[in-house]
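Peer 1: See structure.cif below, with mmCIF, N, CA and C atoms.
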data_my_file
loop_
_atom_site.label_atom_id
_atom_site.label_comp_id
_atom_site.auth_asym_id
_atom_site.auth_seq_id
_atom_site.Cartn_x
_atom_site.Cartn_y
_atom_site.Cartn_z
N ILE X 1 -10.10 -14.14 -11.63
CA ILE X 1 -10.32 -15.29 -12.47
C ILE X 1 -10.17 -16.58 -11.66
N VAL X 2 -9.36 -16.54 -10.64
CA VAL X 2 -9.14 -17.72 -9.81
C VAL X 2 -10.46 -18.24 -9.26
N GLY X 3 -11.33 -17.35 -8.86
CA GLY X 3 -12.58 -17.74 -8.24
C GLY X 3 -13.50 -18.54 -9.16
N LEU X 4 -13.33 -18.43 -10.46
CA LEU X 4 -14.18 -19.18 -11.39
C LEU X 4 -13.94 -20.67 -11.25
N ASP X 5 -12.69 -21.10 -11.17
CA ASP X 5 -12.36 -22.50 -10.95
C ASP X 5 -10.92 -22.60 -10.44
N PRO X 6 -10.74 -22.63 -9.13
CA PRO X 6 -9.40 -22.67 -8.54
C PRO X 6 -8.58 -23.89 -8.94
N THR X 7 -9.22 -24.93 -9.48
CA THR X 7 -8.48 -26.12 -9.90
C THR X 7 -7.42 -25.79 -10.94
N PHE X 8 -7.73 -24.86 -11.84
CA PHE X 8 -6.76 -24.48 -12.86
C PHE X 8 -5.52 -23.87 -12.23
N MET X 9 -5.71 -23.03 -11.22
CA MET X 9 -4.56 -22.43 -10.55
C MET X 9 -3.74 -23.51 -9.85
N TYR X 10 -4.42 -24.43 -9.18
CA TYR X 10 -3.72 -25.50 -8.48
C TYR X 10 -2.86 -26.32 -9.44
N LYS X 11 -3.42 -26.65 -10.59
CA LYS X 11 -2.67 -27.43 -11.58
C LYS X 11 -1.52 -26.63 -12.17
N TYR X 12 -1.69 -25.34 -12.29
CA TYR X 12 -0.65 -24.47 -12.84
C TYR X 12 0.51 -24.31 -11.86
N ASP X 13 0.18 -24.05 -10.58
CA ASP X 13 1.21 -23.79 -9.56
C ASP X 13 0.61 -24.06 -8.18
N ALA X 14 0.88 -25.23 -7.65
CA ALA X 14 0.28 -25.64 -6.37
C ALA X 14 0.70 -24.73 -5.22
N ALA X 15 1.93 -24.26 -5.22
CA ALA X 15 2.40 -23.38 -4.14
C ALA X 15 1.68 -22.03 -4.20
N LEU X 16 1.49 -21.50 -5.40
CA LEU X 16 0.76 -20.25 -5.56
C LEU X 16 -0.69 -20.43 -5.12
N TYR X 17 -1.28 -21.56 -5.50
CA TYR X 17 -2.64 -21.86 -5.07
C TYR X 17 -2.73 -21.86 -3.54
N GLN X 18 -1.77 -22.47 -2.86
CA GLN X 18 -1.79 -22.52 -1.39
C GLN X 18 -1.72 -21.12 -0.80
N ARG X 19 -0.87 -20.25 -1.35
CA ARG X 19 -0.78 -18.86 -0.85
C ARG X 19 -2.12 -18.15 -1.05
N TRP X 20 -2.73 -18.33 -2.24
CA TRP X 20 -4.02 -17.71 -2.52
C TRP X 20 -5.08 -18.24 -1.56
N ALA X 21 -5.14 -19.56 -1.38
CA ALA X 21 -6.15 -20.16 -0.50
C ALA X 21 -5.99 -19.66 0.93
N GLN X 22 -4.75 -19.60 1.43
CA GLN X 22 -4.51 -19.08 2.78
C GLN X 22 -4.92 -17.63 2.88
N LEU X 23 -4.66 -16.87 1.85
CA LEU X 23 -5.05 -15.46 1.82
C LEU X 23 -6.56 -15.32 1.94
N THR X 24 -7.31 -16.12 1.20
CA THR X 24 -8.76 -16.00 1.23
C THR X 24 -9.36 -16.46 2.56
N MET X 25 -8.59 -17.24 3.32
CA MET X 25 -9.06 -17.70 4.63
C MET X 25 -8.55 -16.81 5.76
N GLY X 26 -7.90 -15.70 5.40
CA GLY X 26 -7.42 -14.76 6.41
C GLY X 26 -6.14 -15.16 7.10
N GLN X 27 -5.39 -16.08 6.52
CA GLN X 27 -4.19 -16.59 7.17
C GLN X 27 -2.90 -15.92 6.69
N ARG X 28 -2.97 -15.02 5.71
CA ARG X 28 -1.77 -14.39 5.15
C ARG X 28 -1.90 -12.87 5.11
N SER X 29 -2.47 -12.28 6.14
CA SER X 29 -2.73 -10.85 6.13
C SER X 29 -1.45 -10.03 6.03
N ALA X 30 -0.39 -10.47 6.68
CA ALA X 30 0.85 -9.70 6.72
C ALA X 30 1.47 -9.51 5.34
N ASP X 31 1.32 -10.48 4.44
CA ASP X 31 1.91 -10.36 3.12
C ASP X 31 0.87 -10.38 2.00
N ALA X 32 -0.35 -9.99 2.33
CA ALA X 32 -1.45 -10.03 1.36
C ALA X 32 -1.19 -9.14 0.15
N THR X 33 -0.72 -7.93 0.37
CA THR X 33 -0.50 -7.02 -0.75
C THR X 33 0.55 -7.58 -1.70
N SER X 34 1.62 -8.13 -1.18
CA SER X 34 2.65 -8.67 -2.08
C SER X 34 2.14 -9.91 -2.80
N ILE X 35 1.33 -10.73 -2.15
CA ILE X 35 0.75 -11.89 -2.84
C ILE X 35 -0.14 -11.42 -3.98
N MET X 36 -0.99 -10.43 -3.70
CA MET X 36 -1.92 -9.94 -4.73
C MET X 36 -1.18 -9.30 -5.89
N THR X 37 -0.18 -8.47 -5.60
CA THR X 37 0.46 -7.71 -6.67
C THR X 37 1.64 -8.43 -7.30
N GLN X 38 2.49 -9.05 -6.51
CA GLN X 38 3.69 -9.68 -7.06
C GLN X 38 3.44 -11.10 -7.54
N ASP X 39 2.71 -11.89 -6.76
CA ASP X 39 2.50 -13.29 -7.13
C ASP X 39 1.35 -13.46 -8.12
N LEU X 40 0.24 -12.76 -7.87
CA LEU X 40 -0.95 -12.90 -8.71
C LEU X 40 -1.06 -11.81 -9.77
N HIS X 41 -0.19 -10.80 -9.70
CA HIS X 41 -0.16 -9.70 -10.68
C HIS X 41 -1.53 -9.04 -10.82
N SER X 42 -2.14 -8.75 -9.68
CA SER X 42 -3.48 -8.20 -9.68
C SER X 42 -3.53 -6.81 -9.08
N ARG X 43 -4.23 -5.93 -9.74
CA ARG X 43 -4.51 -4.59 -9.22
C ARG X 43 -5.93 -4.52 -8.67
N THR X 44 -6.75 -5.50 -9.02
CA THR X 44 -8.15 -5.53 -8.63
C THR X 44 -8.47 -6.87 -7.97
N VAL X 45 -9.23 -6.80 -6.87
CA VAL X 45 -9.58 -8.01 -6.11
C VAL X 45 -11.08 -7.98 -5.84
N VAL X 46 -11.75 -9.07 -6.17
CA VAL X 46 -13.17 -9.22 -5.90
C VAL X 46 -13.32 -10.15 -4.70
N VAL X 47 -14.04 -9.68 -3.69
CA VAL X 47 -14.28 -10.46 -2.47
C VAL X 47 -15.78 -10.62 -2.31
N THR X 48 -16.27 -11.85 -2.37
CA THR X 48 -17.70 -12.08 -2.21
C THR X 48 -18.08 -11.98 -0.74
N LYS X 49 -19.33 -11.65 -0.50
CA LYS X 49 -19.80 -11.39 0.86
C LYS X 49 -19.73 -12.62 1.76
N ASP X 50 -19.59 -13.81 1.20
CA ASP X 50 -19.48 -15.01 2.03
C ASP X 50 -18.03 -15.31 2.45
N HIS X 51 -17.09 -14.41 2.14
CA HIS X 51 -15.68 -14.57 2.53
C HIS X 51 -15.25 -13.44 3.47
N GLN X 52 -15.81 -13.44 4.67
CA GLN X 52 -15.53 -12.37 5.63
C GLN X 52 -14.06 -12.31 6.05
N ALA X 53 -13.41 -13.47 6.18
CA ALA X 53 -11.99 -13.47 6.56
C ALA X 53 -11.15 -12.79 5.49
N PHE X 54 -11.47 -13.05 4.22
CA PHE X 54 -10.75 -12.41 3.13
C PHE X 54 -11.03 -10.91 3.13
N ARG X 55 -12.25 -10.52 3.42
CA ARG X 55 -12.57 -9.09 3.48
C ARG X 55 -11.76 -8.41 4.58
N GLN X 56 -11.68 -9.03 5.74
CA GLN X 56 -10.89 -8.45 6.84
C GLN X 56 -9.43 -8.29 6.44
N THR X 57 -8.91 -9.27 5.72
CA THR X 57 -7.53 -9.18 5.23
C THR X 57 -7.39 -7.99 4.28
N MET X 58 -8.31 -7.84 3.35
CA MET X 58 -8.22 -6.75 2.38
C MET X 58 -8.41 -5.39 3.05
N GLU X 59 -9.28 -5.32 4.05
CA GLU X 59 -9.48 -4.06 4.77
C GLU X 59 -8.20 -3.62 5.49
N ALA X 60 -7.37 -4.57 5.87
CA ALA X 60 -6.13 -4.27 6.59
C ALA X 60 -5.01 -3.80 5.65
N GLN X 61 -5.22 -3.92 4.35
CA GLN X 61 -4.18 -3.56 3.39
C GLN X 61 -4.27 -2.07 3.06
N GLN X 62 -3.24 -1.33 3.37
CA GLN X 62 -3.24 0.11 3.11
C GLN X 62 -3.10 0.43 1.62
N SER X 63 -2.63 -0.53 0.83
CA SER X 63 -2.43 -0.30 -0.60
C SER X 63 -3.69 -0.48 -1.43
N PHE X 64 -4.75 -1.07 -0.84
CA PHE X 64 -5.99 -1.32 -1.57
C PHE X 64 -7.13 -0.53 -0.96
N THR X 65 -8.09 -0.17 -1.80
CA THR X 65 -9.28 0.53 -1.34
C THR X 65 -10.52 -0.03 -2.04
N VAL X 66 -11.66 0.03 -1.37
CA VAL X 66 -12.92 -0.43 -1.97
C VAL X 66 -13.36 0.59 -3.01
N VAL X 67 -13.63 0.11 -4.22
CA VAL X 67 -14.12 0.98 -5.29
C VAL X 67 -15.55 0.67 -5.68
N TYR X 68 -16.07 -0.47 -5.20
CA TYR X 68 -17.45 -0.84 -5.51
C TYR X 68 -17.93 -1.83 -4.47
N GLU X 69 -19.23 -1.74 -4.15
CA GLU X 69 -19.86 -2.71 -3.26
C GLU X 69 -21.32 -2.86 -3.66
N ASP X 70 -21.78 -4.11 -3.64
CA ASP X 70 -23.20 -4.37 -3.81
C ASP X 70 -23.61 -5.47 -2.84
N ALA X 71 -24.77 -6.04 -3.01
CA ALA X 71 -25.26 -7.05 -2.08
C ALA X 71 -24.45 -8.35 -2.11
N ASP X 72 -23.65 -8.55 -3.15
CA ASP X 72 -22.92 -9.80 -3.32
C ASP X 72 -21.43 -9.73 -3.07
N ALA X 73 -20.82 -8.54 -3.28
CA ALA X 73 -19.36 -8.49 -3.24
C ALA X 73 -18.83 -7.08 -3.01
N TRP X 74 -17.54 -7.05 -2.68
CA TRP X 74 -16.75 -5.82 -2.64
C TRP X 74 -15.70 -5.94 -3.74
N ILE X 75 -15.36 -4.83 -4.36
CA ILE X 75 -14.25 -4.80 -5.30
C ILE X 75 -13.22 -3.83 -4.76
N TYR X 76 -12.02 -4.35 -4.59
CA TYR X 76 -10.89 -3.55 -4.11
C TYR X 76 -9.96 -3.27 -5.27
N GLN X 77 -9.36 -2.09 -5.24
CA GLN X 77 -8.40 -1.74 -6.29
C GLN X 77 -7.15 -1.18 -5.64
N LEU X 78 -6.02 -1.48 -6.26
CA LEU X 78 -4.75 -0.94 -5.79
C LEU X 78 -4.80 0.58 -5.90
N LYS X 79 -4.44 1.27 -4.84
CA LYS X 79 -4.47 2.73 -4.85
C LYS X 79 -3.47 3.26 -5.87
N ALA X 80 -3.79 4.40 -6.44
CA ALA X 80 -2.95 5.01 -7.47
C ALA X 80 -1.54 5.32 -6.97
N ASP X 81 -1.42 5.63 -5.69
CA ASP X 81 -0.10 5.99 -5.15
C ASP X 81 0.68 4.78 -4.63
N ALA X 82 0.12 3.59 -4.78
CA ALA X 82 0.81 2.37 -4.32
C ALA X 82 1.84 1.94 -5.36
N THR X 83 2.91 1.35 -4.89
CA THR X 83 3.96 0.86 -5.78
C THR X 83 3.46 -0.37 -6.53
N TRP X 84 3.73 -0.40 -7.83
CA TRP X 84 3.33 -1.56 -8.64
C TRP X 84 4.55 -2.20 -9.25
N PRO X 85 4.85 -3.46 -9.05
CA PRO X 85 4.19 -4.25 -8.03
C PRO X 85 4.61 -3.78 -6.65
N ALA X 86 3.71 -3.95 -5.68
CA ALA X 86 3.98 -3.48 -4.33
C ALA X 86 5.19 -4.19 -3.74
N GLN X 87 6.00 -3.45 -3.04
CA GLN X 87 7.17 -4.02 -2.40
C GLN X 87 6.76 -4.57 -1.03
N PRO X 88 7.39 -5.66 -0.59
CA PRO X 88 7.06 -6.21 0.72
C PRO X 88 7.29 -5.19 1.82
N ASN X 89 6.45 -5.22 2.87
CA ASN X 89 6.60 -4.28 4.00
C ASN X 89 7.79 -4.64 4.83
#
I need this file expressed as structure tokens, please.

Peer 2:
Amino acid sequence: IVGLDPTFMYKYDAALYQRWAQLTMGQRSADATSIMTQDLHSRTVVVTKDHQAFRQTMEAQQSFTVVYEDADAWIYQLKADATWPAQPN
């Protein structure tokens, strides 16, 4: 939902917005799973094809797997055996 209009997230919680923005730019790979699951409470992540840095970050996450791909995006889902919310590594 963040991708529809990130301004709402920024107004809600500027620090959370910064973590999300850094994540999408590939700057928070080490704690990406905890940001997605603990901070954003998300089991599903949509990455559009124009966000290659975000895709690389998601590919590095052992807790997420691609469940769908088309010409526009990848959809990642938290693996069934992953801890919810995922604990920090």

Peer 1: I need the residue set behind the PyMOL selection byres (((chain X and resi 61 and name CA) around 12) and name CA) for this file; please write it as a ChimeraX atom specification.

Peer 2: /X:28-37,45,54-60,62-66,76-79,82,86,88-89

Peer 1: Residues of range 1-88 of chain X classed as helix (DSSP H, G or I) by DSSP on the backbone are to be reported as a compact mmCIF listing (two decimals) with N, CA and C atoms, keeping the file's coordinate frame.

Peer 2:
# COMPACT_ATOMS: atom_id res chain seq x y z
N VAL X 2 -9.36 -16.54 -10.64
CA VAL X 2 -9.14 -17.72 -9.81
C VAL X 2 -10.46 -18.24 -9.26
N GLY X 3 -11.33 -17.35 -8.86
CA GLY X 3 -12.58 -17.74 -8.24
C GLY X 3 -13.50 -18.54 -9.16
N LEU X 4 -13.33 -18.43 -10.46
CA LEU X 4 -14.18 -19.18 -11.39
C LEU X 4 -13.94 -20.67 -11.25
N PRO X 6 -10.74 -22.63 -9.13
CA PRO X 6 -9.40 -22.67 -8.54
C PRO X 6 -8.58 -23.89 -8.94
N THR X 7 -9.22 -24.93 -9.48
CA THR X 7 -8.48 -26.12 -9.90
C THR X 7 -7.42 -25.79 -10.94
N PHE X 8 -7.73 -24.86 -11.84
CA PHE X 8 -6.76 -24.48 -12.86
C PHE X 8 -5.52 -23.87 -12.23
N MET X 9 -5.71 -23.03 -11.22
CA MET X 9 -4.56 -22.43 -10.55
C MET X 9 -3.74 -23.51 -9.85
N TYR X 10 -4.42 -24.43 -9.18
CA TYR X 10 -3.72 -25.50 -8.48
C TYR X 10 -2.86 -26.32 -9.44
N LYS X 11 -3.42 -26.65 -10.59
CA LYS X 11 -2.67 -27.43 -11.58
C LYS X 11 -1.52 -26.63 -12.17
N TYR X 12 -1.69 -25.34 -12.29
CA TYR X 12 -0.65 -24.47 -12.84
C TYR X 12 0.51 -24.31 -11.86
N ALA X 14 0.88 -25.23 -7.65
CA ALA X 14 0.28 -25.64 -6.37
C ALA X 14 0.70 -24.73 -5.22
N ALA X 15 1.93 -24.26 -5.22
CA ALA X 15 2.40 -23.38 -4.14
C ALA X 15 1.68 -22.03 -4.20
N LEU X 16 1.49 -21.50 -5.40
CA LEU X 16 0.76 -20.25 -5.56
C LEU X 16 -0.69 -20.43 -5.12
N TYR X 17 -1.28 -21.56 -5.50
CA TYR X 17 -2.64 -21.86 -5.07
C TYR X 17 -2.73 -21.86 -3.54
N GLN X 18 -1.77 -22.47 -2.86
CA GLN X 18 -1.79 -22.52 -1.39
C GLN X 18 -1.72 -21.12 -0.80
N ARG X 19 -0.87 -20.25 -1.35
CA ARG X 19 -0.78 -18.86 -0.85
C ARG X 19 -2.12 -18.15 -1.05
N TRP X 20 -2.73 -18.33 -2.24
CA TRP X 20 -4.02 -17.71 -2.52
C TRP X 20 -5.08 -18.24 -1.56
N ALA X 21 -5.14 -19.56 -1.38
CA ALA X 21 -6.15 -20.16 -0.50
C ALA X 21 -5.99 -19.66 0.93
N GLN X 22 -4.75 -19.60 1.43
CA GLN X 22 -4.51 -19.08 2.78
C GLN X 22 -4.92 -17.63 2.88
N LEU X 23 -4.66 -16.87 1.85
CA LEU X 23 -5.05 -15.46 1.82
C LEU X 23 -6.56 -15.32 1.94
N THR X 24 -7.31 -16.12 1.20
CA THR X 24 -8.76 -16.00 1.23
C THR X 24 -9.36 -16.46 2.56
N SER X 29 -2.47 -12.28 6.14
CA SER X 29 -2.73 -10.85 6.13
C SER X 29 -1.45 -10.03 6.03
N ALA X 30 -0.39 -10.47 6.68
CA ALA X 30 0.85 -9.70 6.72
C ALA X 30 1.47 -9.51 5.34
N ASP X 31 1.32 -10.48 4.44
CA ASP X 31 1.91 -10.36 3.12
C ASP X 31 0.87 -10.38 2.00
N ALA X 32 -0.35 -9.99 2.33
CA ALA X 32 -1.45 -10.03 1.36
C ALA X 32 -1.19 -9.14 0.15
N THR X 33 -0.72 -7.93 0.37
CA THR X 33 -0.50 -7.02 -0.75
C THR X 33 0.55 -7.58 -1.70
N SER X 34 1.62 -8.13 -1.18
CA SER X 34 2.65 -8.67 -2.08
C SER X 34 2.14 -9.91 -2.80
N ILE X 35 1.33 -10.73 -2.15
CA ILE X 35 0.75 -11.89 -2.84
C ILE X 35 -0.14 -11.42 -3.98
N MET X 36 -0.99 -10.43 -3.70
CA MET X 36 -1.92 -9.94 -4.73
C MET X 36 -1.18 -9.30 -5.89
N THR X 37 -0.18 -8.47 -5.60
CA THR X 37 0.46 -7.71 -6.67
C THR X 37 1.64 -8.43 -7.30
N GLN X 38 2.49 -9.05 -6.51
CA GLN X 38 3.69 -9.68 -7.06
C GLN X 38 3.44 -11.10 -7.54
N ASP X 39 2.71 -11.89 -6.76
CA ASP X 39 2.50 -13.29 -7.13
C ASP X 39 1.35 -13.46 -8.12
N GLN X 52 -15.81 -13.44 4.67
CA GLN X 52 -15.53 -12.37 5.63
C GLN X 52 -14.06 -12.31 6.05
N ALA X 53 -13.41 -13.47 6.18
CA ALA X 53 -11.99 -13.47 6.56
C ALA X 53 -11.15 -12.79 5.49
N PHE X 54 -11.47 -13.05 4.22
CA PHE X 54 -10.75 -12.41 3.13
C PHE X 54 -11.03 -10.91 3.13
N ARG X 55 -12.25 -10.52 3.42
CA ARG X 55 -12.57 -9.09 3.48
C ARG X 55 -11.76 -8.41 4.58
N GLN X 56 -11.68 -9.03 5.74
CA GLN X 56 -10.89 -8.45 6.84
C GLN X 56 -9.43 -8.29 6.44
N THR X 57 -8.91 -9.27 5.72
CA THR X 57 -7.53 -9.18 5.23
C THR X 57 -7.39 -7.99 4.28
N MET X 58 -8.31 -7.84 3.35
CA MET X 58 -8.22 -6.75 2.38
C MET X 58 -8.41 -5.39 3.05
N GLU X 59 -9.28 -5.32 4.05
CA GLU X 59 -9.48 -4.06 4.77
C GLU X 59 -8.20 -3.62 5.49

Peer 1: For Ala71 in chain X, which residue out of X:Gln38, X:Gln27, X:Thr83, X:Thr48 is the nearest one, using only N, CA and C atoms?

Peer 2: X:Thr48

Peer 1: Give the answer as one residue: which of X:Leu16, X:Val67, X:Ala21, X:Trp74 has the shortest atom-to-atom distance to Val47 in chain X, using only C-alpha atoms?

Peer 2: X:Trp74

Peer 1: Grab the CA of Ala73 in chain X to CA of His41 in chain X distance for me, in Å with one decimal place.

Peer 2: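 Straight-line distance from CA of Ala73 in chain X to CA of His41 in chain X works out to 20.6 Å.
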
Peer 1: Could you tell me which of X:Val46, X:Leu40, X:Ala53, X:Ile75 comes closest to Tyr17 in chain X if we count only C-alpha atoms?

Peer 2: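 Answer, going by the shortest atom-to-atom distance: X:Leu40.
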
Peer 1: Hey, can you check how far atom N of Gly26 in chain X sits from atom C of Asp50 in chain X?

Peer 2: 10.6 Å

Peer 1: Given only C-alpha atoms as the basis, pick out the residue of X:Phe8, X:Asp70, X:Asp81, X:Asp39 nearest to Leu23 in chain X.

Peer 2: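 Smallest distance to Leu23 in chain X is found for X:Asp39.
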
Peer 1: What gap, in Å, lies between atom N of Thr7 in chain X and atom C of Trp84 in chain X?

Peer 2: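 Separating atom N of Thr7 in chain X from atom C of Trp84 in chain X is a distance of 26.6 Å.
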
Peer 1: Going by DSSP on the backbone, which bits of chain X are strand (DSSP E)? Write them as an NGL selection string, please.

Peer 2: :X and (44-48 or 64-69 or 73-78)

Peer 1: Suppose we keep N, CA and C atoms; can you now write the selection as a CSV table (one decimal), in the coordinates of the input?

Peer 2:
chain,number,residue,atom,x,y,z
X,44,THR,N,-6.8,-5.5,-9.0
X,44,THR,CA,-8.2,-5.5,-8.6
X,44,THR,C,-8.5,-6.9,-8.0
X,45,VAL,N,-9.2,-6.8,-6.9
X,45,VAL,CA,-9.6,-8.0,-6.1
X,45,VAL,C,-11.1,-8.0,-5.8
X,46,VAL,N,-11.8,-9.1,-6.2
X,46,VAL,CA,-13.2,-9.2,-5.9
X,46,VAL,C,-13.3,-10.2,-4.7
X,47,VAL,N,-14.0,-9.7,-3.7
X,47,VAL,CA,-14.3,-10.5,-2.5
X,47,VAL,C,-15.8,-10.6,-2.3
X,48,THR,N,-16.3,-11.8,-2.4
X,48,THR,CA,-17.7,-12.1,-2.2
X,48,THR,C,-18.1,-12.0,-0.7
X,64,PHE,N,-4.8,-1.1,-0.8
X,64,PHE,CA,-6.0,-1.3,-1.6
X,64,PHE,C,-7.1,-0.5,-1.0
X,65,THR,N,-8.1,-0.2,-1.8
X,65,THR,CA,-9.3,0.5,-1.3
X,65,THR,C,-10.5,0.0,-2.0
X,66,VAL,N,-11.7,0.0,-1.4
X,66,VAL,CA,-12.9,-0.4,-2.0
X,66,VAL,C,-13.4,0.6,-3.0
X,67,VAL,N,-13.6,0.1,-4.2
X,67,VAL,CA,-14.1,1.0,-5.3
X,67,VAL,C,-15.6,0.7,-5.7
X,68,TYR,N,-16.1,-0.5,-5.2
X,68,TYR,CA,-17.4,-0.8,-5.5
X,68,TYR,C,-17.9,-1.8,-4.5
X,69,GLU,N,-19.2,-1.7,-4.2
X,69,GLU,CA,-19.9,-2.7,-3.3
X,69,GLU,C,-21.3,-2.9,-3.7
X,73,ALA,N,-20.8,-8.5,-3.3
X,73,ALA,CA,-19.4,-8.5,-3.2
X,73,ALA,C,-18.8,-7.1,-3.0
X,74,TRP,N,-17.5,-7.0,-2.7
X,74,TRP,CA,-16.8,-5.8,-2.6
X,74,TRP,C,-15.7,-5.9,-3.7
X,75,ILE,N,-15.4,-4.8,-4.4
X,75,ILE,CA,-14.2,-4.8,-5.3
X,75,ILE,C,-13.2,-3.8,-4.8
X,76,TYR,N,-12.0,-4.4,-4.6
X,76,TYR,CA,-10.9,-3.6,-4.1
X,76,TYR,C,-10.0,-3.3,-5.3
X,77,GLN,N,-9.4,-2.1,-5.2
X,77,GLN,CA,-8.4,-1.7,-6.3
X,77,GLN,C,-7.2,-1.2,-5.6
X,78,LEU,N,-6.0,-1.5,-6.3
X,78,LEU,CA,-4.8,-0.9,-5.8
X,78,LEU,C,-4.8,0.6,-5.9

Peer 1: As AutoDock Vina command-line options, please: the centre and edge lengths in Å, to one decimal, of an axis-aligned box enclosing every listed atom of range 63-69 of chain X with 4 Å added on each side.

Peer 2:
--center_x -11.9 --center_y -0.9 --center_z -2.4 --size_x 26.9 --size_y 11.8 --size_z 14.5
